[in-house]
Each structure stands twice: as structure tokens, then as C-alpha cells.
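Chemist: Got a structure for you, written out below as C-alpha cells; questions coming shortly.
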Amino acid sequence: MNIQVQCCGLVMMGLILYFYLRQKTVGLYTEKIFLRTLIVMITSVVLDVLSIVAITYRSFFPEIILYGICKTYLVSIIWVCFCALSYVITDLYNEKEYAKAIKRYFFIKCFASLVVYILPISYYHDESVVFTYGPSVLMTYVFSVLFIICILYHIIRYSKQLNAKRRDAVLMWMIAWLVAAGIQFVNNELLLVGFACSLGMM
């Protein structure tokens, strides 16, 4: 199984979580959003590994389990994008205004998740090469890119209002993610999206 890259991503996420939990926090909603983003990221990378394992040993798993794991991994990518967007816009609103602003993106996330779950998915496994493809995967790319474009729009449009360190860090994260997604879209054998997320989060 080709899960070395994903395991490296998990180690990085584990280190970030460990050092974050060791720090004293004051309970700001921005801190809560960061922690939520981190947890969703870790869940996504874990699902990435589980999907590779499930496809590799698909003869041992019922089809519904294989389907559920792979589809949930794809949906988790969209959720990571949503969390990244919610993290970026924390500087633009107070807590009440933030709740209203993020609501419309929440509905888009739910709609995108439903579309990904409904559309068909196919699996490829040849020795150490494992990946999914088909309409479900394609729509994951589409919705993820839309969220990333929205994130970049907020970063550019409200550059002066955003925390400079958060703005620059998320910008580098999105660039790394877009590059990794582009490479993986062209060459499905290179499973880089999860690792790029972990690298960007770090």
C-alpha cells in the first residue's frame, strides 16, 4: 500500500495537535475554529489511509463499507475547505456576525457533500497503486476549488483587515493545496492532497 505520504501527514498533524493542546488558551472563538479545523484535517487524513486500505483489501470488505469509507473521505476534503474558509474570515466579523456569514457556506458544504455521496465512484488497484475516480471524485475537485477560490478572494479582498500571519499562512496553504491537487488530478497515482493539507496546516 502506498500510504507513506499520508502517514507523514498524520505525524505532522499529531505534532501540531500535541503542541497546541500544551499551550494555554483563553477560549476565543478563533481558537475553537482553529482546533475544529485541525480535528477535521486529522479525520480527513485518517480517512485517506482507511480508503487506501479498504480498496487494497476490498475482497474482505462489504461493498457498502468500501463505498462509505471512500465517499466519506471525499466529503471530508470539502469539509476541510469549509473549515479553512471559516478560519480565514474570523478576522472580518465578531462572533454573532460570523455565525450569520458562515451559514450560507455551511449550506453549500452540505449540498456539495450530498452531491458527492450520490454520484458514482470507481476504484483502481494495481499492486501498490490505489486511487478512486469517477463523477464523485470530479465533483470533489470542483467544490474544493470553488471553496479555495472563495478563500483566496477573501484573502485578497480583505487583506488589510486580516491578521497578517494568518493571511500569509493560509495563502501558502492554499497554494500548496492547489499545486498538489493539480498534480494528483493529472496523475492519480500520486496521492498528495492529504499531505499538502497537513503541510499547509503546519
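Starting from 1 in every chain, residues are counted up; chains themselves are A, B, ... following the order of the C-alpha cells, and ligands are numbered from 1 as listed.
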From a backbone DSSP assignment, name each residue in stretch 120-159 of chain A labelled strand (DSSP E or B), as a list in words.
Modeler: Ser122, Tyr123, Tyr124, His125, Asp126, Val129, Val130, Phe131, Thr132 and Tyr133 of chain A
Chemist: From a backbone DSSP assignment, name each residue in stretch 6-167 of chain A labelled helix (DSSP H, G or I), as a compact mmCIF listing (two decimals) with N, CA and C atoms, in the first residue's frame.
Modeler:
```txt
# COMPACT_ATOMS: atom_id res chain seq x y z
N GLN A 6 0.74 9.73 3.42
CA GLN A 6 -0.36 10.00 4.34
C GLN A 6 0.08 9.84 5.79
N CYS A 7 0.91 8.83 6.06
CA CYS A 7 1.40 8.61 7.43
C CYS A 7 2.27 9.77 7.88
N CYS A 8 3.07 10.32 6.97
CA CYS A 8 3.87 11.51 7.30
C CYS A 8 2.95 12.68 7.65
N GLY A 9 1.86 12.81 6.89
CA GLY A 9 0.89 13.86 7.17
C GLY A 9 0.25 13.69 8.54
N LEU A 10 -0.05 12.44 8.91
CA LEU A 10 -0.64 12.16 10.22
C LEU A 10 0.32 12.52 11.35
N VAL A 11 1.59 12.21 11.16
CA VAL A 11 2.60 12.54 12.17
C VAL A 11 2.66 14.06 12.36
N MET A 12 2.65 14.81 11.28
CA MET A 12 2.68 16.27 11.37
C MET A 12 1.44 16.79 12.09
N MET A 13 0.26 16.26 11.74
CA MET A 13 -0.96 16.69 12.39
C MET A 13 -0.94 16.35 13.88
N GLY A 14 -0.42 15.17 14.21
CA GLY A 14 -0.32 14.77 15.61
C GLY A 14 0.57 15.72 16.41
N LEU A 15 1.68 16.13 15.80
CA LEU A 15 2.60 17.06 16.47
C LEU A 15 1.94 18.43 16.69
N ILE A 16 1.23 18.90 15.66
CA ILE A 16 0.54 20.19 15.79
C ILE A 16 -0.49 20.13 16.91
N LEU A 17 -1.28 19.05 16.95
CA LEU A 17 -2.30 18.89 17.98
C LEU A 17 -1.66 18.83 19.37
N TYR A 18 -0.56 18.09 19.47
CA TYR A 18 0.13 17.94 20.75
C TYR A 18 0.61 19.29 21.27
N PHE A 19 1.29 20.06 20.44
CA PHE A 19 1.82 21.35 20.88
C PHE A 19 0.71 22.37 21.10
N TYR A 20 -0.37 22.26 20.31
CA TYR A 20 -1.49 23.19 20.51
C TYR A 20 -2.16 22.96 21.86
N LEU A 21 -2.39 21.68 22.20
CA LEU A 21 -3.06 21.36 23.46
C LEU A 21 -2.20 21.70 24.67
N ARG A 22 -0.89 21.77 24.49
CA ARG A 22 0.01 22.13 25.58
C ARG A 22 0.01 23.63 25.88
N TYR A 29 -13.22 32.37 20.16
CA TYR A 29 -13.86 31.54 19.15
C TYR A 29 -12.92 31.26 17.99
N THR A 30 -11.91 32.13 17.78
CA THR A 30 -10.91 31.87 16.75
C THR A 30 -10.08 30.64 17.10
N GLU A 31 -9.80 30.46 18.39
CA GLU A 31 -9.07 29.27 18.83
C GLU A 31 -9.90 28.01 18.64
N LYS A 32 -11.19 28.12 18.90
CA LYS A 32 -12.09 26.98 18.72
C LYS A 32 -12.17 26.59 17.25
N ILE A 33 -12.21 27.59 16.38
CA ILE A 33 -12.29 27.32 14.94
C ILE A 33 -11.00 26.67 14.45
N PHE A 34 -9.86 27.14 14.95
CA PHE A 34 -8.59 26.52 14.58
C PHE A 34 -8.55 25.07 15.02
N LEU A 35 -8.97 24.79 16.25
CA LEU A 35 -8.97 23.41 16.75
C LEU A 35 -9.91 22.54 15.94
N ARG A 36 -11.08 23.08 15.59
CA ARG A 36 -12.03 22.33 14.76
C ARG A 36 -11.42 22.01 13.40
N THR A 37 -10.74 23.00 12.81
CA THR A 37 -10.08 22.78 11.52
C THR A 37 -9.03 21.68 11.62
N LEU A 38 -8.27 21.72 12.69
CA LEU A 38 -7.22 20.72 12.90
C LEU A 38 -7.81 19.32 13.05
N ILE A 39 -8.89 19.20 13.81
CA ILE A 39 -9.52 17.89 14.02
C ILE A 39 -10.11 17.35 12.71
N VAL A 40 -10.76 18.22 11.94
CA VAL A 40 -11.30 17.80 10.64
C VAL A 40 -10.18 17.36 9.70
N MET A 41 -9.04 18.08 9.76
CA MET A 41 -7.88 17.72 8.95
C MET A 41 -7.36 16.34 9.30
N ILE A 42 -7.21 16.08 10.60
CA ILE A 42 -6.72 14.78 11.06
C ILE A 42 -7.69 13.68 10.62
N THR A 43 -8.99 13.94 10.77
CA THR A 43 -10.00 12.96 10.35
C THR A 43 -9.89 12.68 8.86
N SER A 44 -9.66 13.71 8.06
CA SER A 44 -9.55 13.55 6.62
C SER A 44 -8.36 12.69 6.24
N VAL A 45 -7.21 12.93 6.87
CA VAL A 45 -6.02 12.14 6.56
C VAL A 45 -6.20 10.70 7.00
N VAL A 46 -6.84 10.48 8.16
CA VAL A 46 -7.13 9.11 8.62
C VAL A 46 -8.04 8.40 7.62
N LEU A 47 -9.06 9.11 7.13
CA LEU A 47 -9.97 8.52 6.14
C LEU A 47 -9.24 8.24 4.83
N ASP A 48 -8.26 9.07 4.49
CA ASP A 48 -7.44 8.84 3.30
C ASP A 48 -6.72 7.49 3.42
N VAL A 49 -6.11 7.25 4.58
CA VAL A 49 -5.42 5.98 4.82
C VAL A 49 -6.41 4.81 4.80
N LEU A 50 -7.54 4.98 5.47
CA LEU A 50 -8.55 3.91 5.52
C LEU A 50 -9.10 3.58 4.13
N SER A 51 -9.26 4.60 3.28
CA SER A 51 -9.77 4.34 1.94
C SER A 51 -8.77 3.51 1.12
N ILE A 52 -7.48 3.80 1.30
CA ILE A 52 -6.45 3.02 0.59
C ILE A 52 -6.46 1.57 1.08
N VAL A 53 -6.56 1.39 2.40
CA VAL A 53 -6.61 0.05 2.97
C VAL A 53 -7.85 -0.69 2.48
N ALA A 54 -8.99 -0.01 2.48
CA ALA A 54 -10.25 -0.64 2.06
C ALA A 54 -10.21 -1.07 0.59
N ILE A 55 -9.63 -0.24 -0.27
CA ILE A 55 -9.54 -0.58 -1.69
C ILE A 55 -8.55 -1.73 -1.90
N THR A 56 -7.44 -1.65 -1.18
CA THR A 56 -6.42 -2.70 -1.32
C THR A 56 -6.96 -4.06 -0.92
N ARG A 58 -10.29 -4.92 -0.69
CA ARG A 58 -11.72 -4.79 -0.92
C ARG A 58 -12.45 -6.13 -0.90
N SER A 59 -11.76 -7.23 -1.14
CA SER A 59 -12.39 -8.54 -1.10
C SER A 59 -12.83 -8.92 0.32
N PHE A 60 -12.25 -8.26 1.32
CA PHE A 60 -12.58 -8.55 2.71
C PHE A 60 -13.66 -7.63 3.26
N GLU A 63 -19.28 -4.20 0.06
CA GLU A 63 -19.25 -3.06 -0.87
C GLU A 63 -19.73 -1.77 -0.20
N ILE A 64 -20.72 -1.88 0.68
CA ILE A 64 -21.27 -0.69 1.33
C ILE A 64 -20.24 -0.04 2.25
N ILE A 65 -19.39 -0.85 2.89
CA ILE A 65 -18.33 -0.32 3.76
C ILE A 65 -17.28 0.40 2.92
N LEU A 66 -16.86 -0.24 1.83
CA LEU A 66 -15.89 0.37 0.92
C LEU A 66 -16.43 1.69 0.38
N TYR A 67 -17.67 1.66 -0.06
CA TYR A 67 -18.33 2.86 -0.59
C TYR A 67 -18.37 3.98 0.45
N GLY A 68 -18.77 3.61 1.67
CA GLY A 68 -18.90 4.60 2.74
C GLY A 68 -17.58 5.25 3.11
N ILE A 69 -16.53 4.44 3.22
CA ILE A 69 -15.22 4.98 3.60
C ILE A 69 -14.69 5.93 2.53
N CYS A 70 -14.73 5.48 1.27
CA CYS A 70 -14.18 6.29 0.18
C CYS A 70 -14.98 7.58 -0.02
N LYS A 71 -16.31 7.47 0.04
CA LYS A 71 -17.13 8.67 -0.14
C LYS A 71 -16.95 9.65 1.03
N THR A 72 -16.86 9.11 2.23
CA THR A 72 -16.69 9.97 3.40
C THR A 72 -15.34 10.68 3.36
N TYR A 73 -14.31 10.01 2.83
CA TYR A 73 -13.02 10.68 2.66
C TYR A 73 -13.15 11.86 1.69
N LEU A 74 -13.82 11.64 0.57
CA LEU A 74 -14.00 12.73 -0.40
C LEU A 74 -14.76 13.90 0.22
N VAL A 75 -15.81 13.59 0.97
CA VAL A 75 -16.59 14.64 1.62
C VAL A 75 -15.74 15.39 2.64
N SER A 76 -14.84 14.66 3.33
CA SER A 76 -14.00 15.31 4.34
C SER A 76 -13.08 16.37 3.72
N ILE A 77 -12.70 16.18 2.46
CA ILE A 77 -11.87 17.18 1.78
C ILE A 77 -12.65 18.49 1.64
N ILE A 78 -13.92 18.37 1.28
CA ILE A 78 -14.78 19.56 1.17
C ILE A 78 -14.94 20.22 2.53
N TRP A 79 -15.07 19.41 3.58
CA TRP A 79 -15.22 19.95 4.93
C TRP A 79 -13.96 20.68 5.37
N VAL A 80 -12.80 20.17 4.97
CA VAL A 80 -11.54 20.85 5.29
C VAL A 80 -11.52 22.23 4.63
N CYS A 81 -11.96 22.29 3.38
CA CYS A 81 -12.04 23.58 2.67
C CYS A 81 -12.97 24.55 3.40
N PHE A 82 -14.09 24.04 3.84
CA PHE A 82 -15.06 24.86 4.57
C PHE A 82 -14.44 25.39 5.87
N CYS A 83 -13.74 24.51 6.59
CA CYS A 83 -13.10 24.92 7.84
C CYS A 83 -12.02 25.96 7.60
N ALA A 84 -11.26 25.78 6.51
CA ALA A 84 -10.22 26.76 6.17
C ALA A 84 -10.84 28.12 5.89
N LEU A 85 -11.96 28.13 5.17
CA LEU A 85 -12.66 29.39 4.90
C LEU A 85 -13.17 30.02 6.18
N SER A 86 -13.75 29.20 7.05
CA SER A 86 -14.28 29.73 8.30
C SER A 86 -13.16 30.30 9.17
N TYR A 87 -11.97 29.70 9.09
CA TYR A 87 -10.82 30.18 9.85
C TYR A 87 -10.33 31.53 9.31
N VAL A 88 -10.35 31.67 8.00
CA VAL A 88 -9.89 32.92 7.38
C VAL A 88 -10.77 34.10 7.75
N ILE A 89 -12.08 33.90 7.75
CA ILE A 89 -12.98 35.04 7.92
C ILE A 89 -13.24 35.40 9.39
N THR A 90 -12.56 34.72 10.31
CA THR A 90 -12.76 35.06 11.73
C THR A 90 -12.33 36.49 12.03
N ASP A 91 -11.40 37.03 11.25
CA ASP A 91 -10.93 38.40 11.49
C ASP A 91 -11.90 39.46 10.96
N GLU A 95 -18.33 37.50 16.78
CA GLU A 95 -18.85 36.13 16.85
C GLU A 95 -20.26 36.00 16.29
N LYS A 96 -21.14 36.95 16.58
CA LYS A 96 -22.51 36.87 16.09
C LYS A 96 -22.57 37.07 14.57
N GLU A 97 -21.84 38.06 14.07
CA GLU A 97 -21.81 38.32 12.63
C GLU A 97 -21.17 37.15 11.88
N TYR A 98 -20.16 36.56 12.52
CA TYR A 98 -19.50 35.40 11.92
C TYR A 98 -20.49 34.25 11.72
N ALA A 99 -21.31 34.00 12.72
CA ALA A 99 -22.29 32.91 12.65
C ALA A 99 -23.24 33.09 11.47
N LYS A 100 -23.64 34.33 11.23
CA LYS A 100 -24.53 34.61 10.10
C LYS A 100 -23.80 34.44 8.77
N ALA A 101 -22.57 34.96 8.72
CA ALA A 101 -21.81 34.92 7.47
C ALA A 101 -21.47 33.50 7.04
N ILE A 102 -21.17 32.65 8.02
CA ILE A 102 -20.71 31.31 7.68
C ILE A 102 -21.88 30.38 7.34
N LYS A 103 -23.10 30.79 7.68
CA LYS A 103 -24.26 29.93 7.48
C LYS A 103 -24.46 29.58 6.01
N ARG A 104 -24.30 30.55 5.11
CA ARG A 104 -24.51 30.27 3.69
C ARG A 104 -23.46 29.29 3.15
N TYR A 105 -22.24 29.42 3.65
CA TYR A 105 -21.20 28.48 3.22
C TYR A 105 -21.45 27.09 3.80
N PHE A 106 -22.08 27.05 4.97
CA PHE A 106 -22.43 25.76 5.57
C PHE A 106 -23.42 25.01 4.69
N PHE A 107 -24.40 25.71 4.16
CA PHE A 107 -25.39 25.07 3.28
C PHE A 107 -24.74 24.59 1.97
N ILE A 108 -23.79 25.38 1.45
CA ILE A 108 -23.06 24.96 0.25
C ILE A 108 -22.28 23.68 0.54
N LYS A 109 -21.64 23.64 1.71
CA LYS A 109 -20.89 22.45 2.12
C LYS A 109 -21.80 21.23 2.19
N CYS A 110 -22.98 21.39 2.78
CA CYS A 110 -23.92 20.27 2.91
C CYS A 110 -24.40 19.82 1.53
N PHE A 111 -24.70 20.77 0.64
CA PHE A 111 -25.13 20.42 -0.71
C PHE A 111 -24.03 19.67 -1.45
N ALA A 112 -22.80 20.17 -1.35
CA ALA A 112 -21.66 19.52 -2.01
C ALA A 112 -21.46 18.10 -1.48
N SER A 113 -21.60 17.93 -0.18
CA SER A 113 -21.45 16.60 0.44
C SER A 113 -22.50 15.64 -0.10
N LEU A 114 -23.72 16.12 -0.22
CA LEU A 114 -24.81 15.29 -0.73
C LEU A 114 -24.54 14.87 -2.17
N VAL A 115 -24.09 15.80 -2.99
CA VAL A 115 -23.77 15.51 -4.40
C VAL A 115 -22.69 14.44 -4.49
N VAL A 116 -21.64 14.59 -3.69
CA VAL A 116 -20.53 13.62 -3.72
C VAL A 116 -21.00 12.24 -3.29
N TYR A 117 -21.87 12.18 -2.28
CA TYR A 117 -22.39 10.88 -1.82
C TYR A 117 -23.29 10.22 -2.87
N ILE A 118 -24.03 11.02 -3.62
CA ILE A 118 -24.99 10.47 -4.60
C ILE A 118 -24.30 9.98 -5.86
N PRO A 135 -17.28 10.40 -11.41
CA PRO A 135 -18.01 11.66 -11.19
C PRO A 135 -17.92 12.18 -9.76
N SER A 136 -17.98 11.29 -8.78
CA SER A 136 -17.92 11.70 -7.38
C SER A 136 -16.60 12.39 -7.06
N VAL A 137 -15.50 11.82 -7.57
CA VAL A 137 -14.18 12.40 -7.35
C VAL A 137 -14.06 13.74 -8.07
N LEU A 138 -14.57 13.78 -9.30
CA LEU A 138 -14.50 15.01 -10.09
C LEU A 138 -15.23 16.16 -9.40
N MET A 139 -16.42 15.88 -8.84
CA MET A 139 -17.19 16.93 -8.17
C MET A 139 -16.51 17.35 -6.87
N THR A 140 -15.77 16.45 -6.25
CA THR A 140 -14.99 16.83 -5.06
C THR A 140 -13.96 17.88 -5.44
N TYR A 141 -13.29 17.66 -6.58
CA TYR A 141 -12.33 18.66 -7.08
C TYR A 141 -13.03 19.99 -7.36
N VAL A 142 -14.19 19.93 -8.00
CA VAL A 142 -14.91 21.14 -8.38
C VAL A 142 -15.29 21.97 -7.15
N PHE A 143 -15.94 21.33 -6.19
CA PHE A 143 -16.38 22.06 -5.00
C PHE A 143 -15.19 22.53 -4.16
N SER A 144 -14.15 21.72 -4.08
CA SER A 144 -12.97 22.12 -3.31
C SER A 144 -12.31 23.35 -3.93
N VAL A 145 -12.19 23.36 -5.24
CA VAL A 145 -11.59 24.51 -5.93
C VAL A 145 -12.45 25.75 -5.74
N LEU A 146 -13.76 25.59 -5.77
CA LEU A 146 -14.65 26.73 -5.54
C LEU A 146 -14.44 27.33 -4.16
N PHE A 147 -14.31 26.46 -3.15
CA PHE A 147 -14.04 26.95 -1.80
C PHE A 147 -12.68 27.64 -1.73
N ILE A 148 -11.68 27.06 -2.38
CA ILE A 148 -10.34 27.65 -2.36
C ILE A 148 -10.35 29.02 -3.04
N ILE A 149 -11.08 29.13 -4.15
CA ILE A 149 -11.21 30.43 -4.83
C ILE A 149 -11.86 31.45 -3.90
N CYS A 150 -12.86 31.01 -3.16
CA CYS A 150 -13.54 31.89 -2.21
C CYS A 150 -12.58 32.33 -1.10
N ILE A 151 -11.76 31.40 -0.63
CA ILE A 151 -10.75 31.72 0.39
C ILE A 151 -9.77 32.75 -0.14
N LEU A 152 -9.27 32.52 -1.36
CA LEU A 152 -8.32 33.45 -1.96
C LEU A 152 -8.95 34.82 -2.19
N TYR A 153 -10.23 34.83 -2.56
CA TYR A 153 -10.95 36.10 -2.73
C TYR A 153 -10.95 36.90 -1.43
N HIS A 154 -11.29 36.23 -0.32
CA HIS A 154 -11.33 36.91 0.97
C HIS A 154 -9.94 37.41 1.38
N ILE A 155 -8.93 36.60 1.11
CA ILE A 155 -7.56 36.99 1.47
C ILE A 155 -7.13 38.24 0.70
N ILE A 156 -7.46 38.27 -0.59
CA ILE A 156 -7.07 39.41 -1.43
C ILE A 156 -7.96 40.63 -1.18
N ARG A 157 -9.28 40.39 -1.12
CA ARG A 157 -10.24 41.49 -0.97
C ARG A 157 -10.11 42.19 0.38
N ALA A 164 -2.18 39.42 9.67
CA ALA A 164 -1.15 39.23 8.64
C ALA A 164 -0.56 37.82 8.66
N LYS A 165 -0.28 37.31 9.85
CA LYS A 165 0.32 35.97 9.94
C LYS A 165 -0.66 34.90 9.47
N ARG A 166 -1.93 35.04 9.88
CA ARG A 166 -2.94 34.06 9.46
C ARG A 166 -3.16 34.15 7.95
N ARG A 167 -3.21 35.38 7.43
CA ARG A 167 -3.41 35.59 6.00
C ARG A 167 -2.31 34.94 5.18
```
Chemist: What does the distance between atom CA of A:Tyr123 and atom CA of A:Pro62 come to in Å, to one decimal place?
Modeler: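 So the answer is 14.1 Å.
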Chemist: Calculated over only C-alpha atoms, which of the candidates A:Ile121, A:Leu171, A:Ala176, A:Val130 has the smallest distance to A:Ser159?
Modeler: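 Residue with the minimum atom-to-atom distance to A:Ser159: A:Leu171.
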Chemist: Interatomic distance between atom CA of A:Tyr57 and atom CA of A:Ile183?
Modeler: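 Computing the Euclidean distance for atom CA of A:Tyr57 and atom CA of A:Ile183 yields 26.0 Å.
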